[in-house]
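Source file: target01.cif. Holds: mmCIF, C-alpha atoms and all ligand atoms.
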data_query
loop_
_atom_site.label_atom_id
_atom_site.label_comp_id
_atom_site.auth_asym_id
_atom_site.auth_seq_id
_atom_site.Cartn_x
_atom_site.Cartn_y
_atom_site.Cartn_z
CA MET K 14 9.87 -22.60 -1.23
CA LEU K 15 9.87 -24.67 1.95
CA ASP K 16 12.66 -22.54 3.42
CA ALA K 17 11.18 -19.18 2.38
CA VAL K 18 9.56 -18.70 5.79
CA LEU K 19 12.94 -19.12 7.53
CA HIS K 20 14.62 -16.58 5.28
CA PHE K 21 11.68 -14.28 6.07
CA GLY K 22 12.40 -14.79 9.78
CA ALA K 23 15.96 -13.59 9.21
CA LEU K 24 14.71 -10.60 7.22
CA TYR K 25 12.17 -9.76 9.93
CA THR K 26 14.93 -9.85 12.57
CA PHE K 27 17.07 -7.57 10.41
CA ALA K 28 14.19 -5.07 10.07
CA HIS K 29 13.16 -5.33 13.72
CA LEU K 30 16.70 -4.58 14.94
CA ARG K 31 17.04 -1.68 12.46
CA LEU K 32 20.27 -3.21 11.17
CA ALA K 33 20.01 -1.35 7.85
CA ASP K 34 20.12 1.93 9.80
CA LEU K 35 23.11 0.80 11.84
CA LEU K 36 25.04 -0.44 8.80
CA HIS K 37 24.18 2.70 6.84
CA ALA K 38 25.24 4.97 9.72
CA ALA K 39 28.63 3.25 9.80
CA GLN K 40 29.21 4.65 6.28
CA ASN K 41 32.47 3.17 5.03
CA ARG K 42 33.42 1.59 8.34
CA THR K 43 33.09 -2.18 8.32
CA LEU K 44 30.91 -3.63 11.08
CA THR K 45 31.11 -7.16 12.40
CA ALA K 46 28.17 -9.15 13.75
CA GLU K 47 29.76 -8.56 17.15
CA ASP K 48 29.69 -4.74 16.73
CA LEU K 49 26.08 -4.87 15.63
CA ALA K 50 25.07 -7.29 18.40
CA GLU K 51 26.55 -4.97 20.98
CA GLN K 52 24.47 -2.06 19.69
CA CYS K 53 21.30 -4.18 19.67
CA ASP K 54 21.97 -6.06 22.90
CA VAL K 55 21.57 -9.49 21.27
CA ARG K 56 23.83 -12.56 21.11
CA PRO K 57 26.64 -12.04 18.53
CA ASP K 58 26.93 -15.72 17.58
CA LEU K 59 23.22 -15.90 16.72
CA LEU K 60 23.16 -12.53 14.96
CA TYR K 61 26.11 -13.69 12.86
CA ARG K 62 24.02 -16.67 11.67
CA ILE K 63 21.09 -14.40 10.81
CA LEU K 64 23.37 -12.11 8.78
CA ARG K 65 25.07 -15.04 7.08
CA ASP K 66 21.66 -16.28 5.93
CA LEU K 67 20.79 -12.83 4.58
CA THR K 68 23.78 -12.87 2.21
CA THR K 69 21.78 -15.38 0.11
CA ALA K 70 19.07 -12.82 -0.60
CA HIS K 71 21.71 -10.07 -1.08
CA ILE K 72 20.45 -8.03 1.88
CA VAL K 73 24.01 -7.86 3.21
CA ARG K 74 27.35 -8.84 1.70
CA ALA K 75 30.02 -10.82 3.55
CA ASP K 76 33.08 -8.62 3.94
CA THR K 77 36.64 -9.89 3.57
CA GLN K 78 37.18 -9.09 7.26
CA PRO K 79 36.03 -12.17 9.23
CA GLY K 80 32.52 -11.80 10.73
CA ALA K 81 31.94 -8.45 9.01
CA PHE K 82 29.07 -7.48 6.71
CA THR K 83 28.21 -4.50 4.50
CA LEU K 84 24.81 -3.23 3.44
CA THR K 85 23.83 -3.87 -0.19
CA GLU K 86 21.58 -1.71 -2.35
CA ILE K 87 18.72 -4.14 -1.69
CA GLY K 88 19.40 -4.09 2.07
CA ALA K 89 19.38 -0.28 2.01
CA THR K 90 15.68 -0.36 1.03
CA LEU K 91 15.09 -1.40 4.68
CA ARG K 92 16.50 1.86 6.09
CA SER K 93 13.84 3.56 8.19
CA ASP K 94 14.71 7.13 7.14
CA ILE K 95 13.58 6.90 3.50
CA PRO K 96 9.98 7.63 2.41
CA ASP K 97 9.61 4.38 0.45
CA SER K 98 11.23 2.19 3.12
CA MET K 99 10.47 -1.53 2.89
CA ARG K 100 10.89 -1.84 6.68
CA PRO K 101 7.18 -1.23 7.50
CA ALA K 102 6.21 -3.85 4.88
CA VAL K 103 8.47 -6.46 6.48
CA LEU K 104 7.28 -5.65 10.00
CA THR K 105 3.65 -5.77 8.87
CA ALA K 106 4.09 -9.09 7.07
CA GLY K 107 5.56 -10.49 10.30
CA LYS K 108 2.63 -9.44 12.50
CA PRO K 109 0.61 -12.34 13.89
CA ALA K 110 -2.58 -11.40 12.04
CA TRP K 111 -0.76 -11.46 8.70
CA LEU K 112 1.65 -14.29 9.33
CA ASN K 113 -0.83 -16.64 10.99
CA ALA K 114 -3.17 -16.16 8.04
CA VAL K 115 -0.62 -17.76 5.72
CA PRO K 116 -0.86 -21.46 6.74
CA ARG K 117 -4.58 -20.88 7.28
CA LEU K 118 -5.02 -20.52 3.52
CA ALA K 119 -5.51 -24.29 3.82
CA GLU K 120 -8.75 -23.54 5.75
CA ILE K 121 -9.68 -20.48 3.74
CA VAL K 122 -9.83 -22.52 0.52
CA TYR K 123 -12.81 -24.38 2.02
CA THR K 124 -14.71 -21.39 3.36
CA GLY K 125 -13.48 -18.26 1.57
CA ARG K 126 -13.41 -16.58 5.02
CA PRO K 127 -10.15 -15.13 6.33
CA VAL K 128 -9.08 -16.34 9.76
CA LEU K 129 -8.28 -13.20 11.76
CA PRO K 130 -7.90 -12.59 15.52
CA GLY K 131 -11.22 -11.85 17.23
CA ASP K 132 -12.98 -13.72 14.43
CA GLU K 133 -13.09 -10.46 12.44
CA ASP K 134 -14.30 -11.02 8.92
CA SER K 135 -11.84 -8.68 7.21
CA LEU K 136 -8.62 -6.78 7.84
CA TYR K 137 -10.44 -3.46 8.28
CA GLY K 138 -12.79 -4.88 10.94
CA TYR K 139 -9.72 -6.20 12.74
CA LEU K 140 -7.80 -2.89 12.48
CA ALA K 141 -10.80 -0.95 13.85
CA ASN K 142 -10.45 -2.93 17.09
CA TYR K 143 -6.66 -2.75 17.33
CA PRO K 144 -5.64 0.93 16.95
CA SER K 145 -1.88 0.33 17.27
CA GLU K 146 -2.06 -2.27 14.48
CA ALA K 147 -4.02 0.28 12.42
CA THR K 148 -1.28 2.91 12.72
CA ASP K 149 1.37 0.33 11.78
CA PHE K 150 -0.71 -0.68 8.75
CA GLU K 151 -1.05 2.98 7.75
CA ALA K 152 2.74 3.43 8.03
CA PHE K 153 3.17 0.41 5.78
CA MET K 154 0.66 1.78 3.23
CA ALA K 155 2.31 5.22 3.32
CA ALA K 156 5.74 3.75 2.49
CA ARG K 157 4.29 1.37 -0.11
CA SER K 158 2.34 4.17 -1.79
CA TYR K 159 5.13 6.72 -1.93
CA PRO K 160 6.63 5.46 -5.25
CA ILE K 161 3.09 5.23 -6.66
CA ALA K 162 2.51 8.87 -5.64
CA VAL K 163 5.74 10.03 -7.26
CA ASP K 164 4.92 8.25 -10.54
CA LEU K 165 1.31 9.48 -10.53
CA ALA K 166 2.50 13.06 -10.02
CA ASP K 167 4.36 12.73 -13.34
CA GLU K 168 1.14 12.15 -15.29
CA GLU K 169 0.94 14.89 -17.91
CA GLU K 170 -2.87 14.94 -17.85
CA LEU K 171 -2.75 16.52 -14.37
CA ALA K 172 -1.98 19.86 -16.02
CA GLY K 173 -5.63 20.10 -17.12
CA VAL K 174 -7.15 18.86 -13.85
CA ARG K 175 -8.37 21.10 -11.00
CA THR K 176 -9.40 18.64 -8.28
CA ILE K 177 -8.34 15.19 -7.10
CA VAL K 178 -10.80 13.17 -5.01
CA ASP K 179 -8.86 10.34 -3.37
CA VAL K 180 -11.38 7.69 -2.32
CA GLY K 181 -10.02 5.43 0.44
CA GLY K 182 -6.98 7.70 0.39
CA GLY K 183 -5.47 6.39 3.64
CA THR K 184 -3.34 8.94 5.49
CA GLY K 185 -2.85 10.95 2.32
CA THR K 186 0.54 9.91 0.93
CA ILE K 187 -0.68 9.96 -2.66
CA LEU K 188 -2.86 13.06 -2.46
CA ALA K 189 -0.16 15.02 -0.59
CA GLU K 190 2.42 14.24 -3.27
CA LEU K 191 0.04 15.24 -6.08
CA LEU K 192 -0.78 18.54 -4.33
CA ARG K 193 2.87 19.19 -3.53
CA ALA K 194 3.95 18.60 -7.14
CA HIS K 195 1.04 20.56 -8.69
CA PRO K 196 0.25 23.81 -6.86
CA HIS K 197 -2.79 24.41 -9.11
CA LEU K 198 -4.56 21.30 -7.71
CA SER K 199 -7.03 21.04 -4.83
CA GLY K 200 -7.82 17.76 -3.13
CA VAL K 201 -10.51 15.88 -1.26
CA LEU K 202 -9.75 12.70 0.66
CA VAL K 203 -12.29 10.28 2.06
CA ASP K 204 -11.51 7.43 4.45
CA GLY K 205 -12.80 5.91 7.70
CA PRO K 206 -12.86 8.16 10.81
CA GLN K 207 -9.55 7.19 12.46
CA THR K 208 -7.54 7.15 9.24
CA ALA K 209 -9.17 10.41 8.06
CA ALA K 210 -8.16 12.08 11.34
CA ARG K 211 -4.54 11.07 10.75
CA ALA K 212 -4.74 12.23 7.11
CA ARG K 213 -5.97 15.62 8.34
CA ASP K 214 -3.03 15.89 10.75
CA ARG K 215 -0.63 14.98 7.98
CA MET K 216 -2.04 17.59 5.59
CA THR K 217 -1.71 20.19 8.37
CA GLN K 218 1.89 19.17 9.03
CA LEU K 219 2.66 19.51 5.32
CA GLY K 220 0.93 22.89 5.12
CA LEU K 221 -1.56 21.57 2.57
CA ASN K 222 -4.88 21.86 4.41
CA ASP K 223 -5.85 25.10 2.67
CA ARG K 224 -5.95 23.09 -0.57
CA CYS K 225 -7.31 19.86 0.85
CA THR K 226 -10.55 18.73 2.51
CA VAL K 227 -10.45 15.49 4.46
CA THR K 228 -13.83 13.83 4.83
CA GLU K 229 -14.57 10.90 7.08
CA GLY K 230 -17.14 8.48 5.83
CA ASP K 231 -18.04 5.12 4.39
CA PHE K 232 -17.17 5.10 0.70
CA PHE K 233 -19.92 2.58 0.02
CA THR K 234 -22.52 5.22 0.83
CA GLU K 235 -20.91 8.66 0.49
CA VAL K 236 -18.28 9.59 -2.06
CA PRO K 237 -17.82 13.39 -2.08
CA THR K 238 -18.82 15.47 -5.08
CA VAL K 239 -16.49 18.25 -6.16
CA LYS K 240 -18.04 21.66 -5.54
CA ALA K 241 -15.24 24.20 -5.65
CA PRO K 242 -13.08 25.15 -7.35
CA PRO K 243 -14.94 24.20 -10.54
CA GLY K 244 -13.12 22.35 -13.31
CA PRO K 245 -12.04 18.90 -14.42
CA ALA K 246 -11.67 16.35 -11.64
CA VAL K 247 -9.93 13.02 -11.19
CA TYR K 248 -11.31 10.45 -8.76
CA THR K 249 -8.68 7.98 -7.55
CA LEU K 250 -9.04 4.48 -6.12
CA CYS K 251 -5.52 3.37 -5.24
CA SER K 252 -5.06 -0.16 -3.90
CA VAL K 253 -8.75 -0.15 -2.96
CA LEU K 254 -10.67 -2.32 -5.44
CA HIS K 255 -8.46 -5.37 -4.76
CA ASN K 256 -9.77 -5.48 -1.17
CA TRP K 257 -13.27 -6.27 -2.42
CA GLY K 258 -15.13 -8.91 -4.42
CA ASP K 259 -17.06 -7.92 -7.52
CA GLU K 260 -20.34 -7.25 -5.73
CA GLN K 261 -18.89 -4.73 -3.29
CA ALA K 262 -16.50 -3.30 -5.88
CA LEU K 263 -19.52 -2.57 -8.11
CA GLN K 264 -21.33 -0.92 -5.19
CA LEU K 265 -18.31 1.29 -4.56
CA LEU K 266 -17.87 2.09 -8.26
CA ALA K 267 -21.57 3.02 -8.48
CA GLU K 268 -21.01 5.58 -5.68
CA VAL K 269 -17.90 6.93 -7.37
CA ARG K 270 -19.68 7.12 -10.72
CA ALA K 271 -22.65 8.99 -9.21
CA ALA K 272 -20.23 11.50 -7.64
CA MET K 273 -18.42 11.88 -10.98
CA VAL K 274 -21.72 12.58 -12.77
CA ALA K 275 -22.85 15.06 -10.07
CA THR K 276 -19.55 16.93 -10.40
CA GLY K 277 -20.78 18.13 -13.78
CA TRP K 278 -17.29 18.66 -15.17
CA THR K 279 -15.07 16.36 -17.22
CA THR K 280 -14.11 13.64 -14.78
CA GLN K 281 -11.87 10.63 -14.95
CA LEU K 282 -11.38 7.69 -12.62
CA TRP K 283 -7.79 6.62 -12.00
CA CYS K 284 -7.46 3.19 -10.42
CA VAL K 285 -4.15 1.77 -9.23
CA ASP K 286 -3.88 -1.96 -8.61
CA LYS K 287 -1.73 -4.90 -9.65
CA LEU K 288 -3.29 -6.31 -12.81
CA LEU K 289 -2.61 -9.94 -13.62
CA ALA K 290 -1.95 -11.04 -17.17
CA ASN K 291 -4.92 -12.69 -18.86
CA GLY K 292 -4.63 -16.48 -18.70
CA HIS K 293 -3.28 -18.48 -15.78
CA GLY K 294 0.50 -18.75 -16.08
CA PRO K 295 3.16 -17.48 -13.66
CA ASP K 296 2.62 -13.85 -12.70
CA ALA K 297 4.36 -11.42 -10.34
CA GLY K 298 0.95 -10.53 -8.87
CA THR K 299 -0.14 -13.93 -7.58
CA ALA K 300 1.46 -13.48 -4.12
CA LEU K 301 -0.45 -10.23 -3.60
CA ASP K 302 -3.56 -12.06 -4.77
CA LEU K 303 -3.04 -14.70 -2.05
CA ARG K 304 -2.47 -11.92 0.50
CA MET K 305 -5.88 -10.51 -0.44
CA MET K 306 -7.40 -14.00 -0.10
CA SER K 307 -5.89 -14.33 3.38
CA LEU K 308 -7.10 -10.96 4.73
CA PHE K 309 -10.41 -10.19 2.99
CA PRO K 310 -13.46 -12.39 2.35
CA HIS K 311 -13.57 -11.65 -1.37
CA GLY K 312 -10.37 -9.67 -1.91
CA ARG K 313 -8.49 -10.47 -5.10
CA GLU K 314 -6.23 -9.21 -7.83
CA ARG K 315 -7.87 -9.19 -11.23
CA THR K 316 -6.65 -9.90 -14.73
CA VAL K 317 -6.67 -7.08 -17.27
CA GLU K 318 -9.83 -8.60 -18.74
CA GLU K 319 -11.55 -8.94 -15.34
CA TYR K 320 -10.62 -5.40 -14.27
CA SER K 321 -11.80 -3.86 -17.54
CA GLY K 322 -14.98 -5.94 -17.38
CA LEU K 323 -15.69 -4.72 -13.84
CA LEU K 324 -15.32 -1.07 -14.86
CA LEU K 325 -17.56 -1.59 -17.90
CA ARG K 326 -20.25 -3.21 -15.73
CA ALA K 327 -20.07 -0.11 -13.52
CA GLY K 328 -20.68 2.17 -16.53
CA LEU K 329 -17.04 3.26 -16.79
CA LEU K 330 -14.92 3.02 -19.91
CA PRO K 331 -11.27 1.98 -19.48
CA LYS K 332 -9.26 4.24 -21.78
CA ARG K 333 -5.65 3.54 -20.90
CA ILE K 334 -3.70 1.01 -18.84
CA LYS K 335 -0.05 1.56 -18.05
CA PRO K 336 2.57 0.17 -15.66
CA LEU K 337 3.10 2.33 -12.58
CA ALA K 338 5.57 1.67 -9.74
CA GLY K 339 5.32 -2.12 -10.09
CA LEU K 340 1.50 -1.91 -10.26
CA ASN K 341 -0.80 -0.58 -12.98
CA LEU K 342 -2.71 2.63 -13.56
CA VAL K 343 -6.10 2.23 -15.23
CA ILE K 344 -7.68 5.45 -16.50
CA ALA K 345 -11.42 5.32 -17.12
CA THR K 346 -14.10 7.82 -18.12
CA LEU K 347 -17.88 7.80 -17.81
CA ALA K 348 -19.18 5.34 -20.43
C1 LIG K 401 -5.16 -0.56 1.00
S1 LIG K 401 -5.57 0.99 1.71
C2 LIG K 401 -5.13 2.13 0.43
C3 LIG K 401 -4.85 3.50 0.95
C4 LIG K 401 -4.40 4.52 -0.12
N1 LIG K 401 -5.34 4.61 -1.21
C5 LIG K 401 -3.02 4.17 -0.64
O1 LIG K 401 -2.93 3.66 -1.76
O2 LIG K 401 -2.06 4.40 0.08
C6 LIG K 401 -7.34 1.00 1.55
C7 LIG K 401 -7.99 2.16 2.30
O3 LIG K 401 -9.42 2.02 2.20
C8 LIG K 401 -9.98 2.48 3.42
N2 LIG K 401 -11.32 1.92 3.57
C9 LIG K 401 -11.68 0.63 3.72
N3 LIG K 401 -13.02 0.53 3.82
C10 LIG K 401 -13.52 1.80 3.74
C11 LIG K 401 -14.83 2.33 3.75
N4 LIG K 401 -15.90 1.54 3.86
N5 LIG K 401 -14.99 3.67 3.61
C12 LIG K 401 -13.89 4.48 3.47
N6 LIG K 401 -12.61 4.02 3.45
C13 LIG K 401 -12.44 2.70 3.58
C14 LIG K 401 -9.00 1.95 4.46
O4 LIG K 401 -9.14 2.62 5.70
C15 LIG K 401 -7.68 2.20 3.79
O5 LIG K 401 -7.14 3.46 4.12
#

Could I get this structure in the form of structure tokens?
Amino acid sequence: MLDAVLHFGALYTFAHLRLADLLHAAQNRTLTAEDLAEQCDVRPDLLYRILRDLTTAHIVRADTQPGAFTLTEIGATLRSDIPDSMRPAVLTAGKPAWLNAVPRLAEIVYTGRPVLPGDEDSLYGYLANYPSEATDFEAFMAARSYPIAVDLADEEELAGVRTIVDVGGGTGTILAELLRAHPHLSGVLVDGPQTAARARDRMTQLGLNDRCTVTEGDFFTEVPTVKAPPGPAVYTLCSVLHNWGDEQALQLLAEVRAAMVATGWTTQLWCVDKLLANGHGPDAGTALDLRMMSLFPHGRERTVEEYSGLLLRAGLLPKRIKPLAGLNLVIATLA
């Protein structure tokens, strides 16, 4: 564990220099650290040592030709030309706000307050003041959410749904994929003003804005109600509830519930988050849980029991929980 941060440094360098793109572009031609260094204008001896370290995590494979490396399947996930690229995730995790927060967990455990630049009290306050960081974060979320969108689009229940209301929908990766895969669906997306503006642009680019309304607003006070076309609706909260503690999550769920009731048609709530197993043993979700602790005052992943309990307290009945793209989909109805 002690060395994990150094391996991350090598990975960050690999992503920053777009080495996956360069290795992929070479197709079957073998590239040495020297070839790559020349293209990136960095020192070949040092790049060689970075690449050698990355063989441990199977990002690249040492070739039989001395000093040469090939891209592995894992390394190829860092290509920048694929919709679910891991490159934005690596670059985001290496940004000062994210990286500096890691050793500061030792302070956060005393106060419960994240330590962010500008003394912002949560990631979203910070992003509002640093627009270029906000667009990078959105690119990261778009790539992270793409596999979620593809899996959600496969849900059979969508055949009977008319409208999707994506609450905190970011720049629209998930909603766009649902609309693209199901031409009978209409969509509404709500997010903060800057993100909503970018979601609107994206829907226009994709030719989806005749079936999609993008609303800017604060989801703690105004979750849109479906007006037209009439018919069953699904409200979605994807990777949203884990940013908030129970008090604020309940406030948000109360708004969503009120909108669901006002819709007057059969409505469901679909939540996507990483659920932890009940109990307190090892779990693949604990790192994401610490990430939430480091960036949000009360952010957290919840166990199955805690998540279900939260929905029940909000007057929503969890009906089905299933794995989805490494996370979980929780489908709830009005209780
Ligand atoms: C972790 S991102 C998830 C985005 C999207 N659902 C996805 O899965 O790709 C959470 C989203 O909540 C939005 N958000 C945070 N606070 C909000 C608020 N008070 N009102 C509306 N949106 C908000 C953020 O701007 C961000 O786009």

Any idea what's packed within 12 Å of Phe21 of chain K, counting all atoms listed in the file, ignoring anything in its chain fewer than 4 positions away? Could you give it as a ChimeraX atom specification? /K:14-17,25-29,63,66-67,69-70,72,102-104,106-107,112

Would you export the selected residues with C-alpha atoms as a CSV table (one decimal), in the coordinates of the input, please?
chain,number,residue,atom,x,y,z
K,14,MET,CA,9.9,-22.6,-1.2
K,15,LEU,CA,9.9,-24.7,2.0
K,16,ASP,CA,12.7,-22.5,3.4
K,17,ALA,CA,11.2,-19.2,2.4
K,25,TYR,CA,12.2,-9.8,9.9
K,26,THR,CA,14.9,-9.8,12.6
K,27,PHE,CA,17.1,-7.6,10.4
K,28,ALA,CA,14.2,-5.1,10.1
K,29,HIS,CA,13.2,-5.3,13.7
K,63,ILE,CA,21.1,-14.4,10.8
K,66,ASP,CA,21.7,-16.3,5.9
K,67,LEU,CA,20.8,-12.8,4.6
K,69,THR,CA,21.8,-15.4,0.1
K,70,ALA,CA,19.1,-12.8,-0.6
K,72,ILE,CA,20.4,-8.0,1.9
K,102,ALA,CA,6.2,-3.8,4.9
K,103,VAL,CA,8.5,-6.5,6.5
K,104,LEU,CA,7.3,-5.6,10.0
K,106,ALA,CA,4.1,-9.1,7.1
K,107,GLY,CA,5.6,-10.5,10.3
K,112,LEU,CA,1.6,-14.3,9.3

Ligand LIG 401 (chain K) neighbours within 6 Å using all atoms listed in the file, as JSON, numbers by chain: {"K": [154, 155, 158, 181, 182, 183, 204, 205, 208, 230, 231, 232, 233, 251, 252, 253]}

Between atom CA of Ala338 of chain K and atom CA of His255 of chain K, what distance in Å does the model show, to one decimal? 16.5 Å

Within 12 Å of Glu47 of chain K, counting all atoms listed in the file, which residues qualify if same-chain residues fewer than 5 places away don't, as a PDB file with C-alpha atoms, in the coordinates of the input?
ATOM      1  CA  GLN K  52      24.470  -2.060  19.690  1.00  0.00           C
ATOM      2  CA  CYS K  53      21.300  -4.180  19.670  1.00  0.00           C
ATOM      3  CA  ASP K  54      21.970  -6.060  22.900  1.00  0.00           C
ATOM      4  CA  VAL K  55      21.570  -9.490  21.270  1.00  0.00           C
ATOM      5  CA  ARG K  56      23.830 -12.560  21.110  1.00  0.00           C
ATOM      6  CA  PRO K  57      26.640 -12.040  18.530  1.00  0.00           C
ATOM      7  CA  ASP K  58      26.930 -15.720  17.580  1.00  0.00           C
ATOM      8  CA  LEU K  59      23.220 -15.900  16.720  1.00  0.00           C
ATOM      9  CA  LEU K  60      23.160 -12.530  14.960  1.00  0.00           C
ATOM     10  CA  TYR K  61      26.110 -13.690  12.860  1.00  0.00           C
ATOM     11  CA  ARG K  62      24.020 -16.670  11.670  1.00  0.00           C
ATOM     12  CA  LEU K  64      23.370 -12.110   8.780  1.00  0.00           C
ATOM     13  CA  PRO K  79      36.030 -12.170   9.230  1.00  0.00           C
ATOM     14  CA  GLY K  80      32.520 -11.800  10.730  1.00  0.00           C
ATOM     15  CA  ALA K  81      31.940  -8.450   9.010  1.00  0.00           C
ATOM     16  CA  PHE K  82      29.070  -7.480   6.710  1.00  0.00           C
TER      17      PHE K  82
END

Pick out the residues sitting within 9 Å of segment 270-272 of chain K, and hand them over as a PyMOL selection string; count only C-alpha atoms, and ignore anything fewer than 5 positions along from it in its own chain. chain K and resi 235-239+265+282+327-329+347

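Proximity to Leu337 of chain K was assessed for K:Leu324, K:Asp167, K:Thr148, K:Ala75 counting only C-alpha atoms; the smallest distance is recorded for K:Asp167.
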
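Restricting the calculation to all atoms listed in the file, the smallest distance between Thr68 of chain K and any of K:Leu30, K:Ala212, K:Val203, K:Leu24 is found for K:Leu24.
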
Could you check which of K:Gly220, K:Pro144, K:Gly339, K:Gly244 is closest to Ala297 of chain K, using all atoms listed in the file?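 Ranking K:Gly220, K:Pro144, K:Gly339, K:Gly244 by distance to Ala297 of chain K, first place goes to K:Gly339.
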
Please list as a PyMOL selection string every residue within 7 Å of Val227 of chain K, counting only C-alpha atoms and excluding residues in the same chain fewer than 4 positions away. chain K and resi 201-203+209+213

Would you mind exporting C-alpha atoms of the selected residues as a short mmCIF file (atom, residue, chain, number, x, y, z; two decimals), in the frame of the given file?
data_model
loop_
_atom_site.label_atom_id
_atom_site.label_comp_id
_atom_site.auth_asym_id
_atom_site.auth_seq_id
_atom_site.Cartn_x
_atom_site.Cartn_y
_atom_site.Cartn_z
CA VAL K 201 -10.51 15.88 -1.26
CA LEU K 202 -9.75 12.70 0.66
CA VAL K 203 -12.29 10.28 2.06
CA ALA K 209 -9.17 10.41 8.06
CA ARG K 213 -5.97 15.62 8.34
#

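Using all atoms listed in the file for every distance, the candidate list K:Gly312, K:Pro96, K:Pro331, K:Gly200 yields K:Pro331 as the residue closest to Ile344 of chain K.
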
Choose the residue, out of K:Leu165, K:Leu308, K:Leu330, K:Ala345, that has the smallest atom-to-atom separation from Gly125 of chain K; count only C-alpha atoms. K:Leu308

Skip Ala246 of chain K itself and residues of its chain fewer than 3 positions away, then list as an MDAnalysis selection string all residues within 12 Å of it, counting only C-alpha atoms. chainID K and resid 170:179 198:201 237:243 249 272:283 346

Find the smallest box with edges along x, y and z containing every listed atom of segment 305-308 of chain K, then add 4 Å on each side and report centre and edge lengths in Å to one decimal, as AutoDock Vina command-line options.
--center_x -6.6 --center_y -12.4 --center_z 2.1 --size_x 9.5 --size_y 11.8 --size_z 13.2

Which value, in Å to one decimal, gives the distance between atom CA of Ala194 of chain K and atom CA of Ser98 of chain K?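 Computed distance, atom CA of Ala194 of chain K to atom CA of Ser98 of chain K, equals 20.7 Å.
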
Which residue, K:Glu146, K:Asp34, K:Glu120, K:Asp134, has the smallest gap to Ile95 of chain K when you use all atoms listed in the file? K:Asp34

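Here atom CA of Asp94 of chain K is placed at a distance of 27.5 Å from atom CA of Gly298 of chain K.
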